[in-house]
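Data block for run30.cif (mmCIF, C-alpha atoms):
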```cif
data_data
loop_
_atom_site.group_PDB
_atom_site.id
_atom_site.type_symbol
_atom_site.label_atom_id
_atom_site.label_comp_id
_atom_site.auth_asym_id
_atom_site.auth_seq_id
_atom_site.Cartn_x
_atom_site.Cartn_y
_atom_site.Cartn_z
ATOM 1 C CA MET A 1 23.672 116.175 135.528
ATOM 2 C CA ALA A 2 26.082 114.815 132.936
ATOM 3 C CA SER A 3 23.244 114.243 130.506
ATOM 4 C CA ALA A 4 22.150 117.894 130.820
ATOM 5 C CA ILE A 5 25.677 119.031 129.976
ATOM 6 C CA SER A 6 25.761 116.624 127.045
ATOM 7 C CA TRP A 7 22.496 117.995 125.690
ATOM 8 C CA ILE A 8 23.698 121.580 126.093
ATOM 9 C CA SER A 9 26.942 120.829 124.281
ATOM 10 C CA ILE A 10 25.089 119.046 121.475
ATOM 11 C CA PHE A 11 22.883 122.083 120.845
ATOM 12 C CA LEU A 12 25.152 124.994 121.753
ATOM 13 C CA LEU A 13 28.495 123.991 120.252
ATOM 14 C CA PRO A 14 27.231 124.013 116.657
ATOM 15 C CA LEU A 15 25.728 127.462 117.247
ATOM 16 C CA ILE A 16 28.976 128.773 118.703
ATOM 17 C CA ALA A 17 31.005 127.258 115.853
ATOM 18 C CA THR A 18 28.649 128.764 113.277
ATOM 19 C CA SER A 19 28.887 132.191 114.905
ATOM 20 C CA LEU A 20 32.675 132.003 114.933
ATOM 21 C CA PHE A 21 32.727 130.939 111.284
ATOM 22 C CA ASP A 22 30.405 133.775 110.312
ATOM 23 C CA GLN A 23 32.542 136.314 112.196
ATOM 24 C CA ALA A 24 35.681 135.034 110.493
ATOM 25 C CA LEU A 25 33.956 135.339 107.117
ATOM 26 C CA ILE A 26 32.769 138.860 107.903
ATOM 27 C CA ASP A 27 36.237 139.840 109.108
ATOM 28 C CA SER A 28 37.864 138.481 105.954
ATOM 29 C CA ILE A 29 35.388 140.409 103.781
ATOM 30 C CA CYS A 30 35.684 143.624 105.745
ATOM 31 C CA GLU A 31 39.481 143.560 105.684
ATOM 32 C CA GLN A 32 39.224 143.992 101.900
ATOM 33 C CA THR A 33 36.960 147.052 102.012
ATOM 34 C CA ARG A 34 37.944 150.716 102.141
ATOM 35 C CA ASP A 35 36.376 151.173 105.594
ATOM 36 C CA VAL A 36 36.921 148.055 107.694
ATOM 37 C CA ASP A 37 35.249 149.456 110.828
ATOM 38 C CA PHE A 38 32.138 150.564 108.926
ATOM 39 C CA CYS A 39 31.867 147.132 107.312
ATOM 40 C CA LYS A 40 32.220 145.217 110.575
ATOM 41 C CA SER A 41 29.837 147.461 112.497
ATOM 42 C CA THR A 42 27.263 147.268 109.698
ATOM 43 C CA PHE A 43 27.190 143.482 109.633
ATOM 44 C CA ASN A 44 27.541 143.065 113.402
ATOM 45 C CA ALA A 45 24.623 145.433 114.027
ATOM 46 C CA ASP A 46 22.283 143.585 111.672
ATOM 47 C CA PRO A 47 20.609 140.512 113.200
ATOM 48 C CA ARG A 48 20.189 138.927 109.757
ATOM 49 C CA THR A 49 23.970 138.476 109.508
ATOM 50 C CA ILE A 50 24.094 135.496 111.850
ATOM 51 C CA ALA A 51 22.055 133.261 109.542
ATOM 52 C CA VAL A 52 23.808 133.774 106.207
ATOM 53 C CA ASP A 53 26.746 132.397 104.253
ATOM 54 C CA LEU A 54 28.809 134.213 101.603
ATOM 55 C CA TYR A 55 25.935 134.192 99.097
ATOM 56 C CA GLY A 56 23.572 135.429 101.786
ATOM 57 C CA LEU A 57 26.000 138.200 102.712
ATOM 58 C CA ALA A 58 25.842 139.419 99.112
ATOM 59 C CA LEU A 59 22.057 139.647 99.371
ATOM 60 C CA LEU A 60 22.252 141.169 102.836
ATOM 61 C CA SER A 61 24.735 143.867 101.813
ATOM 62 C CA ILE A 62 22.377 144.911 99.028
ATOM 63 C CA ALA A 63 19.362 144.778 101.370
ATOM 64 C CA ILE A 64 21.119 146.989 103.929
ATOM 65 C CA ASN A 65 21.967 149.431 101.158
ATOM 66 C CA MET A 66 18.317 149.453 100.044
ATOM 67 C CA ASP A 67 17.314 150.195 103.656
ATOM 68 C CA VAL A 68 19.671 153.202 103.781
ATOM 69 C CA VAL A 69 18.464 154.533 100.424
ATOM 70 C CA LYS A 70 14.789 154.052 101.336
ATOM 71 C CA ALA A 71 15.235 155.801 104.707
ATOM 72 C CA THR A 72 16.918 158.711 102.927
ATOM 73 C CA ILE A 73 14.024 158.956 100.460
ATOM 74 C CA ASP A 74 11.268 158.579 103.066
ATOM 75 C CA ASP A 75 12.739 160.375 106.085
ATOM 76 C CA THR A 76 15.947 162.342 105.589
ATOM 77 C CA ILE A 77 15.206 164.230 102.377
ATOM 78 C CA PRO A 78 11.644 165.265 103.391
ATOM 79 C CA GLU A 79 13.022 166.641 106.678
ATOM 80 C CA ILE A 80 15.691 168.597 104.815
ATOM 81 C CA VAL A 81 13.146 169.975 102.314
ATOM 82 C CA LYS A 82 11.142 171.452 105.211
ATOM 83 C CA THR A 83 14.141 173.576 106.231
ATOM 84 C CA LEU A 84 15.164 174.883 102.800
ATOM 85 C CA THR A 85 14.431 178.406 101.615
ATOM 86 C CA ASP A 86 16.981 178.865 98.816
ATOM 87 C CA PRO A 87 15.519 177.848 95.411
ATOM 88 C CA VAL A 88 18.914 176.462 94.304
ATOM 89 C CA ASP A 89 19.042 174.191 97.356
ATOM 90 C CA LYS A 90 15.448 173.075 96.757
ATOM 91 C CA GLN A 91 16.280 172.187 93.166
ATOM 92 C CA ARG A 92 19.456 170.352 94.187
ATOM 93 C CA ILE A 93 17.753 168.226 96.828
ATOM 94 C CA GLN A 94 15.121 167.285 94.230
ATOM 95 C CA VAL A 95 17.955 166.119 91.947
ATOM 96 C CA CYS A 96 19.202 163.983 94.827
ATOM 97 C CA LEU A 97 15.713 162.622 95.476
ATOM 98 C CA THR A 98 15.510 161.530 91.838
ATOM 99 C CA ASP A 99 19.000 160.023 92.053
ATOM 100 C CA TYR A 100 18.070 158.124 95.225
ATOM 101 C CA ASN A 101 14.872 156.800 93.659
ATOM 102 C CA ASP A 102 16.880 155.654 90.631
ATOM 103 C CA ALA A 103 19.477 154.056 92.932
ATOM 104 C CA LEU A 104 16.736 152.190 94.794
ATOM 105 C CA VAL A 105 15.455 150.740 91.509
ATOM 106 C CA LYS A 106 19.010 149.643 90.639
ATOM 107 C CA LEU A 107 19.542 148.081 94.083
ATOM 108 C CA LYS A 108 16.254 146.168 93.921
ATOM 109 C CA ALA A 109 17.309 144.793 90.540
ATOM 110 C CA ALA A 110 20.743 143.954 91.989
ATOM 111 C CA TRP A 111 19.089 142.046 94.827
ATOM 112 C CA MET A 112 17.044 140.044 92.325
ATOM 113 C CA ALA A 113 20.126 139.367 90.195
ATOM 114 C CA SER A 114 22.013 138.237 93.304
ATOM 115 C CA SER A 115 19.185 135.910 94.304
ATOM 116 C CA GLU A 116 19.466 134.412 90.808
ATOM 117 C CA ARG A 117 23.281 134.292 91.226
ATOM 118 C CA ASN A 118 23.785 136.545 88.219
ATOM 119 C CA TYR A 119 26.770 138.271 89.798
ATOM 120 C CA LYS A 120 28.075 140.151 86.762
ATOM 121 C CA GLU A 121 24.688 141.857 86.565
ATOM 122 C CA VAL A 122 24.861 142.585 90.304
ATOM 123 C CA ILE A 123 28.176 144.385 89.840
ATOM 124 C CA ARG A 124 26.799 146.440 86.953
ATOM 125 C CA LEU A 125 23.702 147.439 88.902
ATOM 126 C CA VAL A 126 25.529 148.303 92.148
ATOM 127 C CA ILE A 127 27.979 150.448 90.197
ATOM 128 C CA ASP A 128 24.999 152.194 88.568
ATOM 129 C CA ALA A 129 23.532 152.838 92.028
ATOM 130 C CA ALA A 130 26.867 154.217 93.263
ATOM 131 C CA ASN A 131 27.038 156.485 90.217
ATOM 132 C CA LYS A 132 23.688 157.955 91.252
ATOM 133 C CA MET A 133 25.354 159.008 94.513
ATOM 134 C CA VAL A 134 28.083 160.715 92.471
ATOM 135 C CA ASP A 135 25.370 162.531 90.506
ATOM 136 C CA CYS A 136 23.688 163.703 93.714
ATOM 137 C CA ASP A 137 26.994 164.909 95.120
ATOM 138 C CA GLY A 138 27.744 166.645 91.817
ATOM 139 C CA ALA A 139 24.519 168.625 92.011
ATOM 140 C CA TYR A 140 26.083 170.459 94.959
ATOM 141 C CA ARG A 141 29.715 170.601 93.860
ATOM 142 C CA LYS A 142 29.728 171.249 90.101
ATOM 143 C CA SER A 143 28.288 174.748 89.959
ATOM 144 C CA PRO A 144 28.118 177.755 92.268
ATOM 145 C CA PRO A 145 27.288 178.087 94.970
ATOM 146 C CA ILE A 146 29.470 175.074 95.782
ATOM 147 C CA ARG A 147 28.206 173.337 98.927
ATOM 148 C CA GLU A 148 28.432 170.071 100.734
ATOM 149 C CA PRO A 149 25.255 168.047 100.158
ATOM 150 C CA PRO A 150 23.062 167.958 103.285
ATOM 151 C CA ILE A 151 22.901 164.177 102.793
ATOM 152 C CA SER A 152 26.656 163.647 102.406
ATOM 153 C CA GLY A 153 26.604 161.135 105.285
ATOM 154 C CA GLU A 154 24.015 159.023 103.482
ATOM 155 C CA ILE A 155 25.933 159.308 100.200
ATOM 156 C CA ASP A 156 29.009 158.038 102.039
ATOM 157 C CA LYS A 157 27.091 155.079 103.546
ATOM 158 C CA VAL A 158 25.665 154.015 100.187
ATOM 159 C CA THR A 159 29.122 154.227 98.609
ATOM 160 C CA LYS A 160 30.682 152.165 101.408
ATOM 161 C CA LEU A 161 27.907 149.562 101.204
ATOM 162 C CA THR A 162 28.468 149.342 97.454
ATOM 163 C CA ASP A 163 32.141 148.664 98.148
ATOM 164 C CA ILE A 164 31.177 145.858 100.551
ATOM 165 C CA THR A 165 28.903 144.258 97.953
ATOM 166 C CA TYR A 166 31.638 144.513 95.345
ATOM 167 C CA VAL A 167 34.145 142.746 97.628
ATOM 168 C CA ILE A 168 31.658 139.949 98.376
ATOM 169 C CA ILE A 169 30.803 139.416 94.708
ATOM 170 C CA ASN A 170 34.505 139.291 93.822
ATOM 171 C CA LEU A 171 34.984 136.567 96.449
ATOM 172 C CA ILE A 172 32.059 134.614 95.022
ATOM 173 C CA LEU A 173 33.416 134.883 91.489
ATOM 174 C CA LYS A 174 36.905 133.652 92.441
#
```

Final structure tokens representation of the file:
Amino acid sequence: MASAISWISIFLLPLIATSLFDQALIDSICEQTRDVDFCKSTFNADPRTIAVDLYGLALLSIAINMDVVKATIDDTIPEIVKTLTDPVDKQRIQVCLTDYNDALVKLKAAWMASSERNYKEVIRLVIDAANKMVDCDGAYRKSPPIREPPISGEIDKVTKLTDITYVIINLILK
């Protein structure tokens, strides 16, 4: 019986310690973001989080952002287009689709730069992707009729994920 407990402790304790370390790292990152709860829930909901260190979290934050952008391009925007009748709204959502496609290109490049540990390039590219969200939002807010973008929730997620990546990269560069 004692040997079974010894074997369990040999295999389980390192896993528990690693999980605690990862959670502490995630907590310390998230405490520096603008939306702590969003950050924690994002990482805690993603099963890839458990297996990464700080450098892996940089890659993961970009990958999660790419997932959000891709889902918006493939699912959310096409569903919205089906419901639109106003030509201005149709034109505006097409602007956002272009912005999202451009953001996806920037995020893919950021992921590659992060995998090469070229973190200054990562920051530049993630900021470019975030600026595409500003452009999409502006398509609805700069000229009449002023409206909230139908994808404002997705814009908010991409912006928050960009903030998370920025915090991680700043920690790496310290």

Name the residues captured by the PyMOL selection byres ((chain A and resi 40-56) around 10) when it is applied to the shown file; answer as a PDB file with C-alpha atoms, keeping the file's coordinate frame.
```
ATOM      1  CA  LEU A  15      25.728 127.462 117.247  1.00  0.00           C
ATOM      2  CA  THR A  18      28.649 128.764 113.277  1.00  0.00           C
ATOM      3  CA  SER A  19      28.887 132.191 114.905  1.00  0.00           C
ATOM      4  CA  LEU A  20      32.675 132.003 114.933  1.00  0.00           C
ATOM      5  CA  PHE A  21      32.727 130.939 111.284  1.00  0.00           C
ATOM      6  CA  ASP A  22      30.405 133.775 110.312  1.00  0.00           C
ATOM      7  CA  GLN A  23      32.542 136.314 112.196  1.00  0.00           C
ATOM      8  CA  LEU A  25      33.956 135.339 107.117  1.00  0.00           C
ATOM      9  CA  ILE A  26      32.769 138.860 107.903  1.00  0.00           C
ATOM     10  CA  ASP A  27      36.237 139.840 109.108  1.00  0.00           C
ATOM     11  CA  SER A  28      37.864 138.481 105.954  1.00  0.00           C
ATOM     12  CA  ILE A  29      35.388 140.409 103.781  1.00  0.00           C
ATOM     13  CA  CYS A  30      35.684 143.624 105.745  1.00  0.00           C
ATOM     14  CA  GLU A  31      39.481 143.560 105.684  1.00  0.00           C
ATOM     15  CA  THR A  33      36.960 147.052 102.012  1.00  0.00           C
ATOM     16  CA  ASP A  35      36.376 151.173 105.594  1.00  0.00           C
ATOM     17  CA  VAL A  36      36.921 148.055 107.694  1.00  0.00           C
ATOM     18  CA  ASP A  37      35.249 149.456 110.828  1.00  0.00           C
ATOM     19  CA  PHE A  38      32.138 150.564 108.926  1.00  0.00           C
ATOM     20  CA  CYS A  39      31.867 147.132 107.312  1.00  0.00           C
ATOM     21  CA  LEU A  57      26.000 138.200 102.712  1.00  0.00           C
ATOM     22  CA  ALA A  58      25.842 139.419  99.112  1.00  0.00           C
ATOM     23  CA  LEU A  59      22.057 139.647  99.371  1.00  0.00           C
ATOM     24  CA  LEU A  60      22.252 141.169 102.836  1.00  0.00           C
ATOM     25  CA  SER A  61      24.735 143.867 101.813  1.00  0.00           C
ATOM     26  CA  ILE A  62      22.377 144.911  99.028  1.00  0.00           C
ATOM     27  CA  ILE A  64      21.119 146.989 103.929  1.00  0.00           C
ATOM     28  CA  SER A 114      22.013 138.237  93.304  1.00  0.00           C
ATOM     29  CA  SER A 115      19.185 135.910  94.304  1.00  0.00           C
ATOM     30  CA  ARG A 117      23.281 134.292  91.226  1.00  0.00           C
ATOM     31  CA  LYS A 157      27.091 155.079 103.546  1.00  0.00           C
ATOM     32  CA  LEU A 161      27.907 149.562 101.204  1.00  0.00           C
ATOM     33  CA  ILE A 168      31.658 139.949  98.376  1.00  0.00           C
ATOM     34  CA  ILE A 169      30.803 139.416  94.708  1.00  0.00           C
ATOM     35  CA  LEU A 171      34.984 136.567  96.449  1.00  0.00           C
ATOM     36  CA  ILE A 172      32.059 134.614  95.022  1.00  0.00           C
TER      37      ILE A 172
END
```

Can you give me, as a JSON list (two decimals) with C-alpha atoms, in the coordinates of the input, the residues this file yields under the PyMOL selection byres ((chain A and resi 70) around 12)?
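Result file is selection05.json:
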```
[["chain", "number", "residue", "atom", "x", "y", "z"],
["A", 63, "ALA", "CA", 19.36, 144.78, 101.37],
["A", 64, "ILE", "CA", 21.12, 146.99, 103.93],
["A", 65, "ASN", "CA", 21.97, 149.43, 101.16],
["A", 66, "MET", "CA", 18.32, 149.45, 100.04],
["A", 67, "ASP", "CA", 17.31, 150.20, 103.66],
["A", 68, "VAL", "CA", 19.67, 153.20, 103.78],
["A", 69, "VAL", "CA", 18.46, 154.53, 100.42],
["A", 71, "ALA", "CA", 15.24, 155.80, 104.71],
["A", 72, "THR", "CA", 16.92, 158.71, 102.93],
["A", 73, "ILE", "CA", 14.02, 158.96, 100.46],
["A", 74, "ASP", "CA", 11.27, 158.58, 103.07],
["A", 75, "ASP", "CA", 12.74, 160.38, 106.08],
["A", 76, "THR", "CA", 15.95, 162.34, 105.59],
["A", 77, "ILE", "CA", 15.21, 164.23, 102.38],
["A", 78, "PRO", "CA", 11.64, 165.26, 103.39],
["A", 97, "LEU", "CA", 15.71, 162.62, 95.48],
["A", 99, "ASP", "CA", 19.00, 160.02, 92.05],
["A", 100, "TYR", "CA", 18.07, 158.12, 95.22],
["A", 101, "ASN", "CA", 14.87, 156.80, 93.66],
["A", 102, "ASP", "CA", 16.88, 155.65, 90.63],
["A", 103, "ALA", "CA", 19.48, 154.06, 92.93],
["A", 104, "LEU", "CA", 16.74, 152.19, 94.79],
["A", 105, "VAL", "CA", 15.46, 150.74, 91.51],
["A", 107, "LEU", "CA", 19.54, 148.08, 94.08],
["A", 108, "LYS", "CA", 16.25, 146.17, 93.92],
["A", 154, "GLU", "CA", 24.02, 159.02, 103.48],
["A", 158, "VAL", "CA", 25.66, 154.01, 100.19]]
```

Open item on the list: I'd like the neighbourhood of Ala139 in chain A as a list in words, where a residue qualifies if any of its atoms comes within 10 Å (using only C-alpha atoms), though same-chain residues fewer than 5 positions away should be ignored.
Closed with: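 Surrounding residues, per the criterion: Val88, Asp89, Gln91, Arg92, Ile93, Gln94, Val95, Cys96, Met133, Val134, Pro144, Ile146, Arg147, Glu148 and Pro149 of chain A.
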
Task: Point-to-point distance from CA of Met112 in chain A to CA of Asp135 in chain A, Å rounded to tenths - done: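 Taking CA of Met112 in chain A as the start and CA of Asp135 in chain A as the end point, the length is 24.0 Å.
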
TODO: Could you check which of A:Thr98, A:Thr162, A:Thr83, A:Ser143 is closest to Ala129 in chain A, using all atoms listed in the file?
DONE: A:Thr162

TODO: May I ask for the distance between CA of Glu116 in chain A and CA of Asp156 in chain A, given in Å to one decimal place?
DONE: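 We find that CA of Glu116 in chain A and CA of Asp156 in chain A lie 27.8 Å from each other.
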
TODO: Record the distance separating CA of Glu79 in chain A and CA of Asp128 in chain A, expressed in Å with one decimal.
DONE: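 CA of Asp128 in chain A lies 26.1 Å from CA of Glu79 in chain A.
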
Task: Among listed residues A:Thr85, A:Asn170, A:Asn118, A:Thr165, nearest Ala130 in chain A (using all atoms listed in the file) - done: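 Distance minimum relative to Ala130 in chain A lands on A:Thr165.
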
Task: Which residue of A:Ala109, A:Ile127, A:Val81, A:Val167 approaches Arg34 in chain A most closely, using all atoms listed in the file - done: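 Result for the nearest residue to Arg34 in chain A: A:Val167.
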